[in-house]
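Structure, as structure tokens:
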Amino acid sequence: MRKHGVVLYLFVAGCAAMLLTGCTLIGAWLGHGMDRSNRGALSPATIDALYGEQPGDSVILALHEGSTVAGVIIDLAETDPDSLLAHMDRYPFTECTARETIFPGDTLRMQRLAGDTIDVQYLSADERGIWFRRPGKDQVYREVYTTILGISWCEGRKHLRPPIEDAFGDGVLARMFSVRVMTQSGIRSVSMQEIARVQVRESWNTFMWVGGALGLAADAYFLSLILKPEEEKPPPPPKGGSYGDGGSLMCGCPFVFGHMDGEWRVETECFSGSVFRAAQRRDWARLEYTRPEQNRLRLRVVNLLQEVDSVDQLAVLRIEHDEGTELYPTEDGRMLAVRPAAPVFSRDDRGNDVLPLIRARDASCWFAVPELQPEDRGRRWMECRFPLPADADSVTLIVDVQNTQWGARLQYGFFSLFGSGLQSAYDRWNADAGARQQIREILLREGMLEVSIWDGTRWRPAGHVWEVGLSAWRAVAMRIGVEDIHDSELRLRLEAPAGVWMVRHVGMDVLPPGDVRVQCLHPSVATRDGGEDCLPELLQEDGRYVSLDTGEGADVIFTVSNDQPVEGRRVTWVLESAGYYRMKVPASASPDTELLTRMFTEPGFFARHADEAFWFRIAELQRGGE
């Protein structure tokens, strides 16, 4: 497995570096250029051998629960915070008195520098601190080692004293690791604790698959890594200047970062797809990480791509709902408190079982790689099935989704087809409601994630999920009427162009949404880079915009009270935004009227053309093109 180690790591490192400049296609091309026919036989290996894995090796993982995962190794890494809860219960339990190691799931009593002592459930640890959750809560927190005065565990019979980082270095704090495997239907993240047996084969003819798919699926991951510095305390998101290649050949929407525990993290993007002024819309996105600190909730809005962002309003919603429910926004602004259940069955259009990819909110996801063969090109889909009570007349569908960098490039390419006619197209869309409706229908039909249900005779459209951006996962809810479904299960289909959408989780609640209490908070401070006050422009949706060119940003602070929810209730925070953006595409070329006409008039043409463009670009690079 190791004889080509240096080359393999250079390959993956190259993919990572190129992703930072948006070169998804080059990753696939380099992989294709490294293809070889010499494949060894699958051979048994120890589970520990995976810690020395090589990207590109074929692997079969036999899991304790009886299933297998076959594919190509992408990497092995510490389980990311989003996945800790999903993997925690799979960790083997050993009586605490018989060991010196703290395992995920152990109860700790943590004394903190702040002067309090809290009971927590240990999840994992890294170089900076301990990941944990409060008993009965689903929020994941991290306490840095420098603020921990002591830890007791095993019902107070065992203790750790500062420096706690020494316990981390000595292996006392067990860490969760996962191996990411590229399967035929997407990325599967498997906790090491799930694996019973391993077979590995050094494989060189899969690099094109790994390179291209890595680019499609991991763009947003590497996008967030650019903000992770080597020093202990991360700086705020960039101020001034461009990011990477300045978003060359891409467009999207404003990026929103949240500050908590001394760190900035990507939270979401605002009003994706609002690509001209009359297309302005409100947008609602759950804040997954950011919480108030010292009565302040801090956000930063930054333009990282080739566009001009116009932000009309920002607000945060404090939403109280029952413990045990999850809060999901709908695209029309309703806040639904639900208890979603995972599907009982899921497969893709190639017959692959994809349930393990979308069952939980972890690092696994479903997405479709663009097809190489022309006869196979087109929109791709996955189907999910849920139990349906006989008296149900409506259900709540929830999805966790994210767009890819390839999708952002396709959007940029579509509007580039207008060339010198783009400004007149903008003028027409802004002035003519019929023209606006036409372009909206094209975008919905060709680029968005379509949801349909089986009514017994045909697949009936049930709605669309509008684009959400390439920087972070988005939790979205949709209410669907099922009064005419006379079956004990509901069959639901998600369909989209290949390579544009990633689906991490699908769930459904057949009961009516629970009670919620919504409080809207407006910003108290807002300043552009350089210190200019822009608070008045963000207080309400009134056509007064904060305009951000590529590389520009604004810091926004919300003042929050100390009010605690009543017993049995919890709080979720949601960002509400309004605005639009305009892409900075070349306006000198002549419009490509032939391609535009086909995209406007031929359903499904965009997906077929996108697949062709993907492989055409790879072939062009192989011939030495740029």
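Following the order of the structure tokens, chains are lettered A, B, ..., residues in each are numbered from 1, and ligands are numbered from 1.
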
Per-residue DSSP, segment 320-544 of chain A, filtered to alpha helix (DSSP H), as a count of residues only: 45

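Neighbouring residues of segment 592-606 of chain A at 7 Å or closer, counting only C-alpha atoms and skipping chain neighbours under 4 positions away, are Gly378, Arg379, Leu417, Phe418, Ile442, Glu446 and Ala610 of chain A.
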
Arg286 of chain A surroundings by only C-alpha atoms, 8 Å radius, close-in-sequence under 2 positions cut, as a list of chain:residue names: A:Trp284, A:Glu288, A:Tyr328, A:Pro329, A:Arg474, A:Ala475, A:Thr572, A:Trp573, A:Val574, A:Leu575

Store the residues of this selection in a file with N, CA and C atoms, as a PDB file, in the first residue's frame.
ATOM      1  N   TRP A 284     -34.191  32.248   5.007  1.00  0.00           N
ATOM      2  CA  TRP A 284     -34.106  31.840   6.405  1.00  0.00           C
ATOM      3  C   TRP A 284     -33.176  30.639   6.522  1.00  0.00           C
ATOM      4  N   GLU A 288     -26.234  26.908  12.908  1.00  0.00           N
ATOM      5  CA  GLU A 288     -25.886  25.605  13.458  1.00  0.00           C
ATOM      6  C   GLU A 288     -24.882  25.685  14.604  1.00  0.00           C
ATOM      7  N   TYR A 328     -36.911  23.521  11.862  1.00  0.00           N
ATOM      8  CA  TYR A 328     -36.523  23.645  10.456  1.00  0.00           C
ATOM      9  C   TYR A 328     -37.304  24.783   9.816  1.00  0.00           C
ATOM     10  N   PRO A 329     -36.630  25.731   9.154  1.00  0.00           N
ATOM     11  CA  PRO A 329     -37.343  26.765   8.399  1.00  0.00           C
ATOM     12  C   PRO A 329     -37.819  26.220   7.055  1.00  0.00           C
ATOM     13  N   ARG A 474     -27.438  23.160   4.693  1.00  0.00           N
ATOM     14  CA  ARG A 474     -28.645  23.943   5.013  1.00  0.00           C
ATOM     15  C   ARG A 474     -29.773  22.988   5.381  1.00  0.00           C
ATOM     16  N   ALA A 475     -30.417  23.267   6.501  1.00  0.00           N
ATOM     17  CA  ALA A 475     -31.576  22.499   6.941  1.00  0.00           C
ATOM     18  C   ALA A 475     -32.840  23.160   6.389  1.00  0.00           C
ATOM     19  N   THR A 572     -33.700  27.704  19.317  1.00  0.00           N
ATOM     20  CA  THR A 572     -32.927  27.613  18.081  1.00  0.00           C
ATOM     21  C   THR A 572     -32.855  29.004  17.471  1.00  0.00           C
ATOM     22  N   TRP A 573     -31.696  29.324  16.893  1.00  0.00           N
ATOM     23  CA  TRP A 573     -31.477  30.642  16.279  1.00  0.00           C
ATOM     24  C   TRP A 573     -31.483  30.503  14.762  1.00  0.00           C
ATOM     25  N   VAL A 574     -32.176  31.439  14.107  1.00  0.00           N
ATOM     26  CA  VAL A 574     -32.309  31.432  12.653  1.00  0.00           C
ATOM     27  C   VAL A 574     -31.932  32.811  12.117  1.00  0.00           C
ATOM     28  N   LEU A 575     -31.126  32.832  11.051  1.00  0.00           N
ATOM     29  CA  LEU A 575     -30.781  34.083  10.385  1.00  0.00           C
ATOM     30  C   LEU A 575     -31.819  34.382   9.307  1.00  0.00           C
TER      31      LEU A 575
END

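Candidate residues A:Ile74, A:Ile358, A:Val308, A:Cys154 were compared for distance to Val546 of chain A, and the nearest is A:Val308, using only C-alpha atoms.
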
Segment 163-166 of chain A surroundings by only C-alpha atoms, 8 Å radius, close-in-sequence under 5 positions cut, as a VMD selection string: chain A and resid 127 to 129 145 to 146 148 150

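Using only C-alpha atoms, the smallest distance between any of A:Trp473, A:Tyr412, A:Phe367, A:Phe345 and Ala285 of chain A comes from A:Trp473.
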
Sel. of strand (DSSP E) residues, segment 106-142 of chain A, as a short mmCIF file (atom, residue, chain, number, x, y, z; two decimals) with C-alpha atoms, in the first residue's frame:
data_model
loop_
_atom_site.label_atom_id
_atom_site.label_comp_id
_atom_site.auth_asym_id
_atom_site.auth_seq_id
_atom_site.Cartn_x
_atom_site.Cartn_y
_atom_site.Cartn_z
CA THR A 107 -20.16 11.48 31.92
CA LEU A 108 -17.68 14.10 33.13
CA ARG A 109 -17.88 16.80 35.77
CA MET A 110 -15.94 19.76 34.43
CA GLN A 111 -14.72 22.66 36.56
CA ARG A 112 -14.17 25.75 34.44
CA THR A 117 -18.89 23.28 37.41
CA ILE A 118 -20.96 21.48 34.76
CA ASP A 119 -21.90 17.89 34.02
CA VAL A 120 -21.22 16.97 30.41
CA GLN A 121 -21.23 13.94 28.14
CA TYR A 122 -17.80 13.49 26.56
CA LEU A 123 -17.76 13.20 22.75
CA SER A 124 -14.15 13.56 21.59
CA ALA A 125 -11.07 15.76 21.83
CA GLY A 129 -9.98 21.18 23.63
CA ILE A 130 -12.78 18.78 24.50
CA TRP A 131 -15.97 18.30 22.51
CA PHE A 132 -19.03 17.60 24.65
CA ARG A 133 -22.76 17.98 24.99
CA TYR A 141 -19.78 22.40 22.37
CA ARG A 142 -16.02 22.63 22.79
#

Spatial neighbours of Glu495 of chain A, max dist 10 Å, only C-alpha atoms, sep filter under 5 positions, as a VMD selection string: chain A and resid 348 to 349 379 to 383 447 to 452 464 501

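Counting only C-alpha atoms and comparing A:Thr559, A:Ile480, A:Val59, A:Arg281, the residue that lies closest to Pro461 of chain A is A:Ile480.
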
Within 6 Å of Met182 of chain A using only C-alpha atoms, minus same-chain residues under 2 positions, as a count of residues only: 4
